Amino acid sequence: MVTSVITPTMPKAASLDPSVPSSEVPNEFKSDALSTEKLIAMYHSVLLIRRVEESLLKLSESGEIGGAMHTALGHEANAVGSAAALQEHDYLTCTYRGHHHSLARGMDPKRAIAEVLGKIDGFAKGKGGSMHFIDPSLGLMGANGIVGAQVPHAAGMALASKMRGDGRIAITFFGEGAMFQGVMHETFNMAQKWLLPIIFYCENNRYSEMTPTSRTSSIAEIYKFAEAYGMRTLQINGNDVEIVYQAVSEAAARARAGEGPTFIEGITYRLSGHMAGDLETYRDKDEIEMQRQHEPLVVLAERLTSRGVDASSLEDINSQVEEEVGEAVEFAKNSPWPNATEAYTDVFATQEK
Ligand SMILES: Cc1ncc(C[n+]2csc(CCOP(=O)(O)OP(=O)(O)O)c2C)c(N)n1
């Protein structure tokens, strides 16, 4: 007899239930922490990331992108709010779903799209592709295709900063599915023990690839894993840039003051498939439609409207972003392919004798 997978009954909680919108996460932060001017700049940034990724999905559909590509439609506030709270030299590592972090830190969209297309004008000359965004000049120390692998890397950078005493801190982004990797727990333990200047930021979209996380977690609230290590933990609405900004600012201040790591669980929702081409048979359309009412652009547009910003100003930003992204796509398409003789250039580190 075939038995079905046992799913123990879990209490309804934002951590594991994708029908709970992030707006239902209790909020201890202020809703007027940032000036309207700053929020308008963030609206531009969220929209730019959204339009770049929508363009990438179209390019993937038309067969112009080789390999797997993961987008973060709906996750943008986690990236934009965090970037605004950090200094430009702070270290950042993230997952294969990391275009939004790089763009939020200021990566040029032209070069980002060229990289995904494998073109020579990509920031890694087309050799990294979608899953390996990196630009040390922006503090971006690497996206990683191995679930959880970027987390100890960031802890190493935080340890180096602490030893050098240079005031740099590290932030590392991962999904809730990474919590079930052993390396995460080894890292939490040492980071807390050594009070490393690091922020562990879980972008909890309630799905790990095509599996609802409720089917794999024995714990109802994801942040409690980190709490067990004695770490300061926060569960927040990851779809609200202003809340993310305040949570990361607080965590960064603690890290710089030598008080050690903070674990932030940003509740969010992935509006796109796990990767381009995902048929999304594992979730209901109604759930996605409901979550669209709570996504970062909607939250931010409502906030700006309530502060007196008129619809035409937001429309102007939309047109400006459409134009900017259209130009970036054209630039990337027209960028040349790398020469085959360059295949091994910049691939291996050379050791000085
Ligand atoms: C060590 C390892 N195991 C399995 C995979 C295959 N895999 C790629 S993404 C993914 C799901 C990760 O889910 P989550 O951490 O919640 O992040 P999300 O993709 O939702 O952003 C898995 C299992 C992998 N890349 N690395």
# chains A, B, ... in the order shown; residues from 1 in each chain; ligands from 1

$ residues_around --residues "A:Ser272" --least-positions-apart "5" --cutoff "10 Å" --atoms "only C-alpha atoms" --output "PyMOL selection string"
chain A and resi 53-54+57+70-75+277-278+280+288

$ residues_near_ligand --ligand "ligand 1" --cutoff "6 Å" --atoms "only C-alpha atoms and all ligand atoms" --output "short mmCIF file (atom, residue, chain, number, x, y, z; two decimals) with N, CA and C atoms, in the first residue's frame"
data_model
loop_
_atom_site.label_atom_id
_atom_site.label_comp_id
_atom_site.auth_asym_id
_atom_site.auth_seq_id
_atom_site.Cartn_x
_atom_site.Cartn_y
_atom_site.Cartn_z
N ARG A 97 18.82 33.45 -6.45
CA ARG A 97 17.73 34.41 -6.67
C ARG A 97 18.24 35.75 -6.12
N GLY A 145 24.73 29.11 -6.10
CA GLY A 145 23.70 28.15 -6.51
C GLY A 145 23.49 27.02 -5.52
N ILE A 146 24.39 26.90 -4.54
CA ILE A 146 24.26 25.83 -3.56
C ILE A 146 23.49 26.36 -2.36
N VAL A 147 22.36 25.77 -2.08
CA VAL A 147 21.50 26.30 -1.01
C VAL A 147 22.27 26.37 0.31
N PHE A 174 19.11 34.43 2.32
CA PHE A 174 18.85 33.03 1.99
C PHE A 174 17.36 32.80 2.12
N GLY A 175 16.88 31.68 1.57
CA GLY A 175 15.46 31.34 1.69
C GLY A 175 15.24 30.49 2.93
N GLU A 176 13.97 30.32 3.30
CA GLU A 176 13.68 29.52 4.50
C GLU A 176 14.04 28.05 4.28
N GLY A 177 14.08 27.62 3.00
CA GLY A 177 14.45 26.23 2.71
C GLY A 177 15.89 25.93 3.13
N ALA A 178 16.72 26.98 3.19
CA ALA A 178 18.13 26.78 3.58
C ALA A 178 18.26 26.42 5.06
N ASN A 205 9.55 33.01 1.53
CA ASN A 205 8.43 33.09 0.58
C ASN A 205 7.50 31.87 0.70
N TYR A 207 7.86 28.80 0.08
CA TYR A 207 8.07 27.67 -0.84
C TYR A 207 9.56 27.41 -1.00
N SER A 208 9.93 26.14 -1.07
CA SER A 208 11.30 25.76 -1.41
C SER A 208 11.20 25.04 -2.75
N GLU A 209 11.66 25.69 -3.80
CA GLU A 209 11.39 25.22 -5.15
C GLU A 209 9.89 25.02 -5.29
#

$ closest_atom_pairs --of "stretch 15-49 of chain A" --to "stretch 225-248 of chain A" --cutoff "6 Å" --atoms "only C-alpha atoms" --output "JSON lines"
{"residue": "A:Ser22", "atom": "CA", "partner": "A:Asn237", "partner_atom": "CA", "distance": 4.9}
{"residue": "A:Ser23", "atom": "CA", "partner": "A:Asn237", "partner_atom": "CA", "distance": 5.9}
{"residue": "A:Val25", "atom": "CA", "partner": "A:Asn237", "partner_atom": "CA", "distance": 5.8}

$ write_last_selection --atoms "C-alpha atoms" --output "short mmCIF file (atom, residue, chain, number, x, y, z; two decimals), in the first residue's frame"
data_model
loop_
_atom_site.label_atom_id
_atom_site.label_comp_id
_atom_site.auth_asym_id
_atom_site.auth_seq_id
_atom_site.Cartn_x
_atom_site.Cartn_y
_atom_site.Cartn_z
CA SER A 22 3.11 39.57 4.99
CA SER A 23 0.99 42.53 6.13
CA VAL A 25 2.99 40.01 10.61
#

$ residues_around --residues "stretch 323-327 of chain A" --least-positions-apart "3" --cutoff "12 Å" --atoms "only C-alpha atoms" --output "PDB file with C-alpha atoms, in the first residue's frame"
ATOM      1  CA  HIS A  44      11.973  53.841  -8.460  1.00  0.00           C
ATOM      2  CA  SER A  45      14.373  51.126  -7.300  1.00  0.00           C
ATOM      3  CA  LEU A  47      10.071  49.256 -10.026  1.00  0.00           C
ATOM      4  CA  LEU A  48      13.410  49.101 -11.851  1.00  0.00           C
ATOM      5  CA  ILE A  49      14.123  45.650 -10.383  1.00  0.00           C
ATOM      6  CA  ARG A  50      10.596  44.473 -11.277  1.00  0.00           C
ATOM      7  CA  ARG A  51      10.854  45.643 -14.888  1.00  0.00           C
ATOM      8  CA  VAL A  52      14.370  44.250 -15.342  1.00  0.00           C
ATOM      9  CA  GLU A  53      13.247  40.836 -14.111  1.00  0.00           C
ATOM     10  CA  GLU A  54      10.055  40.878 -16.214  1.00  0.00           C
ATOM     11  CA  SER A  55      12.257  41.616 -19.226  1.00  0.00           C
ATOM     12  CA  LEU A  56      14.541  38.732 -18.295  1.00  0.00           C
ATOM     13  CA  ASP A 108      24.068  48.964 -13.746  1.00  0.00           C
ATOM     14  CA  PRO A 109      20.987  47.253 -15.302  1.00  0.00           C
ATOM     15  CA  LYS A 110      22.666  47.279 -18.738  1.00  0.00           C
ATOM     16  CA  ARG A 111      25.603  45.229 -17.481  1.00  0.00           C
ATOM     17  CA  ALA A 112      23.344  43.022 -15.316  1.00  0.00           C
ATOM     18  CA  ILE A 113      21.169  42.029 -18.301  1.00  0.00           C
ATOM     19  CA  ALA A 114      24.250  41.570 -20.508  1.00  0.00           C
ATOM     20  CA  ASP A 316       6.191  59.582 -14.585  1.00  0.00           C
ATOM     21  CA  ILE A 317       8.450  57.202 -12.643  1.00  0.00           C
ATOM     22  CA  ASN A 318       6.859  54.251 -14.469  1.00  0.00           C
ATOM     23  CA  SER A 319       7.598  55.819 -17.874  1.00  0.00           C
ATOM     24  CA  GLN A 320      11.149  56.725 -16.857  1.00  0.00           C
ATOM     25  CA  GLU A 330      18.775  46.815 -26.270  1.00  0.00           C
ATOM     26  CA  PHE A 331      22.289  47.457 -24.977  1.00  0.00           C
ATOM     27  CA  ALA A 332      22.584  43.860 -23.705  1.00  0.00           C
ATOM     28  CA  LYS A 333      21.215  42.349 -26.924  1.00  0.00           C
ATOM     29  CA  ASN A 334      23.664  44.380 -28.997  1.00  0.00           C
TER      30      ASN A 334
END

$ closest_residue --among "A:Asn27, A:Thr350, A:Ser102, A:Ser249" --to "A:Ala84" --atoms "only C-alpha atoms"
A:Ser249

$ select_by_dssp --residues "stretch 26-99 of chain A" --states "alpha helix (DSSP H)" --output "VMD selection string"
chain A and resid 36 to 61 76 to 85 99

$ atom_distance --atom1 "atom CA of A:Gly139" --atom2 "atom CA of A:Glu322"
27.2 Å

$ atom_distance --atom1 "atom CA of A:Met131" --atom2 "atom CA of A:Ala149"
13.0 Å

$ residues_around --residues "A:Met141" --least-positions-apart "5" --cutoff "10 Å" --atoms "only C-alpha atoms" --output "tab-separated table (two decimals) with C-alpha atoms, in the first residue's frame"
chain	number	residue	atom	x	y	z
A	90	ASP	CA	29.39	46.37	3.64
A	91	TYR	CA	29.64	42.79	2.42
A	92	LEU	CA	26.66	41.01	0.86
A	93	THR	CA	26.18	37.41	-0.21
A	94	CYS	CA	22.99	35.87	-1.56
A	132	HIS	CA	26.60	34.09	-10.08
A	133	PHE	CA	26.17	37.83	-9.83
A	134	ILE	CA	29.24	39.37	-8.20
A	135	ASP	CA	30.83	42.82	-7.99
A	136	PRO	CA	33.25	43.38	-5.11
A	150	GLN	CA	26.78	31.79	0.84
A	153	HIS	CA	31.09	32.80	3.35
A	154	ALA	CA	29.52	35.96	4.80
A	157	MET	CA	33.92	38.09	5.87
A	170	ALA	CA	28.15	41.51	6.41
A	172	THR	CA	23.64	37.36	3.88

$ residues_around --residues "A:Met290" --least-positions-apart "5" --cutoff "9 Å" --atoms "only C-alpha atoms" --output "list in words"
Ser19, Pro21 and Lys285 of chain A

$ atom_distance --atom1 "atom CA of A:Lys224" --atom2 "atom CA of A:Gly167"
28.3 Å

$ closest_residue --among "A:Val309, A:Glu259, A:Val298, A:Ser217" --to "A:Asp17" --atoms "only C-alpha atoms"
A:Ser217

$ closest_residue --among "A:Met190, A:Met184, A:Asn339, A:Val299" --to "A:Met42" --atoms "only C-alpha atoms"
A:Val299

$ closest_residue --among "A:Ala340, A:Ala33, A:Ile40, A:Ile222" --to "A:Met179" --atoms "only C-alpha atoms"
A:Ile222

$ select_by_dssp --residues "stretch 134-203 of chain A" --states "strand (DSSP E)" --output "PyMOL selection string"
chain A and resi 140-144+170-175+198-203

$ residues_around --residues "A:Gly126" --least-positions-apart "5" --cutoff "8 Å" --atoms "only C-alpha atoms" --output "mmCIF file with N, CA and C atoms, in the first residue's frame"
data_model
loop_
_atom_site.group_PDB
_atom_site.id
_atom_site.type_symbol
_atom_site.label_atom_id
_atom_site.label_comp_id
_atom_site.auth_asym_id
_atom_site.auth_seq_id
_atom_site.Cartn_x
_atom_site.Cartn_y
_atom_site.Cartn_z
ATOM 1 N N ALA A 114 23.217 42.139 -19.612
ATOM 2 C CA ALA A 114 24.250 41.570 -20.508
ATOM 3 C C ALA A 114 24.862 40.320 -19.872
ATOM 4 N N GLU A 115 25.062 40.357 -18.567
ATOM 5 C CA GLU A 115 25.643 39.197 -17.883
ATOM 6 C C GLU A 115 24.722 37.976 -18.006
ATOM 7 N N VAL A 116 23.414 38.190 -17.786
ATOM 8 C CA VAL A 116 22.470 37.067 -17.862
ATOM 9 C C VAL A 116 22.440 36.498 -19.282
ATOM 10 N N LEU A 117 22.618 37.382 -20.278
ATOM 11 C CA LEU A 117 22.620 36.912 -21.676
ATOM 12 C C LEU A 117 23.965 36.290 -22.077
ATOM 13 N N GLY A 118 24.953 36.359 -21.179
ATOM 14 C CA GLY A 118 26.271 35.762 -21.480
ATOM 15 C C GLY A 118 27.135 36.638 -22.376
ATOM 16 N N LYS A 119 26.836 37.952 -22.392
ATOM 17 C CA LYS A 119 27.540 38.861 -23.304
ATOM 18 C C LYS A 119 28.774 39.497 -22.655
ATOM 19 N N ILE A 120 29.635 40.018 -23.511
ATOM 20 C CA ILE A 120 30.935 40.511 -23.048
ATOM 21 C C ILE A 120 30.827 41.721 -22.123
ATOM 22 N N ASP A 121 29.739 42.514 -22.238
ATOM 23 C CA ASP A 121 29.591 43.691 -21.380
ATOM 24 C C ASP A 121 29.005 43.358 -20.007
ATOM 25 N N PRO A 338 31.373 36.873 -26.084
ATOM 26 C CA PRO A 338 32.807 36.775 -25.803
ATOM 27 C C PRO A 338 33.487 35.912 -26.864
#

$ decode --residues "stretch 184-202 of chain A" --atoms "N, CA and C atoms" --output "PDB file, in the first residue's frame"
ATOM      1  N   MET A 184      24.073  25.887   8.008  1.00  0.00           N
ATOM      2  CA  MET A 184      23.435  27.087   8.562  1.00  0.00           C
ATOM      3  C   MET A 184      23.598  27.101  10.075  1.00  0.00           C
ATOM      4  N   HIS A 185      23.389  25.945  10.663  1.00  0.00           N
ATOM      5  CA  HIS A 185      23.394  25.867  12.131  1.00  0.00           C
ATOM      6  C   HIS A 185      24.817  25.962  12.682  1.00  0.00           C
ATOM      7  N   GLU A 186      25.765  25.415  11.947  1.00  0.00           N
ATOM      8  CA  GLU A 186      27.168  25.573  12.358  1.00  0.00           C
ATOM      9  C   GLU A 186      27.530  27.060  12.333  1.00  0.00           C
ATOM     10  N   THR A 187      27.053  27.755  11.302  1.00  0.00           N
ATOM     11  CA  THR A 187      27.374  29.177  11.163  1.00  0.00           C
ATOM     12  C   THR A 187      26.693  30.005  12.257  1.00  0.00           C
ATOM     13  N   PHE A 188      25.409  29.725  12.522  1.00  0.00           N
ATOM     14  CA  PHE A 188      24.697  30.479  13.574  1.00  0.00           C
ATOM     15  C   PHE A 188      25.427  30.325  14.902  1.00  0.00           C
ATOM     16  N   ASN A 189      25.824  29.091  15.189  1.00  0.00           N
ATOM     17  CA  ASN A 189      26.466  28.820  16.472  1.00  0.00           C
ATOM     18  C   ASN A 189      27.749  29.640  16.642  1.00  0.00           C
ATOM     19  N   MET A 190      28.631  29.595  15.636  1.00  0.00           N
ATOM     20  CA  MET A 190      29.909  30.303  15.780  1.00  0.00           C
ATOM     21  C   MET A 190      29.720  31.817  15.702  1.00  0.00           C
ATOM     22  N   ALA A 191      28.788  32.257  14.846  1.00  0.00           N
ATOM     23  CA  ALA A 191      28.563  33.710  14.706  1.00  0.00           C
ATOM     24  C   ALA A 191      28.100  34.306  16.034  1.00  0.00           C
ATOM     25  N   GLN A 192      27.238  33.580  16.729  1.00  0.00           N
ATOM     26  CA  GLN A 192      26.744  34.080  18.011  1.00  0.00           C
ATOM     27  C   GLN A 192      27.836  33.973  19.080  1.00  0.00           C
ATOM     28  N   LYS A 193      28.547  32.866  19.044  1.00  0.00           N
ATOM     29  CA  LYS A 193      29.618  32.659  20.037  1.00  0.00           C
ATOM     30  C   LYS A 193      30.686  33.749  19.917  1.00  0.00           C
ATOM     31  N   TRP A 194      31.027  34.091  18.652  1.00  0.00           N
ATOM     32  CA  TRP A 194      32.089  35.085  18.423  1.00  0.00           C
ATOM     33  C   TRP A 194      31.520  36.502  18.242  1.00  0.00           C
ATOM     34  N   LEU A 195      30.231  36.664  18.424  1.00  0.00           N
ATOM     35  CA  LEU A 195      29.564  37.975  18.245  1.00  0.00           C
ATOM     36  C   LEU A 195      30.013  38.658  16.955  1.00  0.00           C
ATOM     37  N   LEU A 196      29.863  37.931  15.857  1.00  0.00           N
ATOM     38  CA  LEU A 196      30.303  38.464  14.561  1.00  0.00           C
ATOM     39  C   LEU A 196      29.371  39.587  14.082  1.00  0.00           C
ATOM     40  N   PRO A 197      29.930  40.562  13.362  1.00  0.00           N
ATOM     41  CA  PRO A 197      29.109  41.655  12.823  1.00  0.00           C
ATOM     42  C   PRO A 197      28.380  41.216  11.543  1.00  0.00           C
ATOM     43  N   ILE A 198      27.326  40.457  11.712  1.00  0.00           N
ATOM     44  CA  ILE A 198      26.628  39.886  10.554  1.00  0.00           C
ATOM     45  C   ILE A 198      25.113  39.935  10.753  1.00  0.00           C
ATOM     46  N   ILE A 199      24.421  40.081   9.629  1.00  0.00           N
ATOM     47  CA  ILE A 199      22.953  40.026   9.633  1.00  0.00           C
ATOM     48  C   ILE A 199      22.547  38.817   8.798  1.00  0.00           C
ATOM     49  N   PHE A 200      21.812  37.911   9.404  1.00  0.00           N
ATOM     50  CA  PHE A 200      21.271  36.756   8.686  1.00  0.00           C
ATOM     51  C   PHE A 200      19.863  37.145   8.247  1.00  0.00           C
ATOM     52  N   TYR A 201      19.656  37.242   6.944  1.00  0.00           N
ATOM     53  CA  TYR A 201      18.342  37.709   6.456  1.00  0.00           C
ATOM     54  C   TYR A 201      17.665  36.596   5.655  1.00  0.00           C
ATOM     55  N   CYS A 202      16.607  36.041   6.252  1.00  0.00           N
ATOM     56  CA  CYS A 202      15.848  34.969   5.600  1.00  0.00           C
ATOM     57  C   CYS A 202      14.691  35.578   4.811  1.00  0.00           C
TER      58      CYS A 202
END
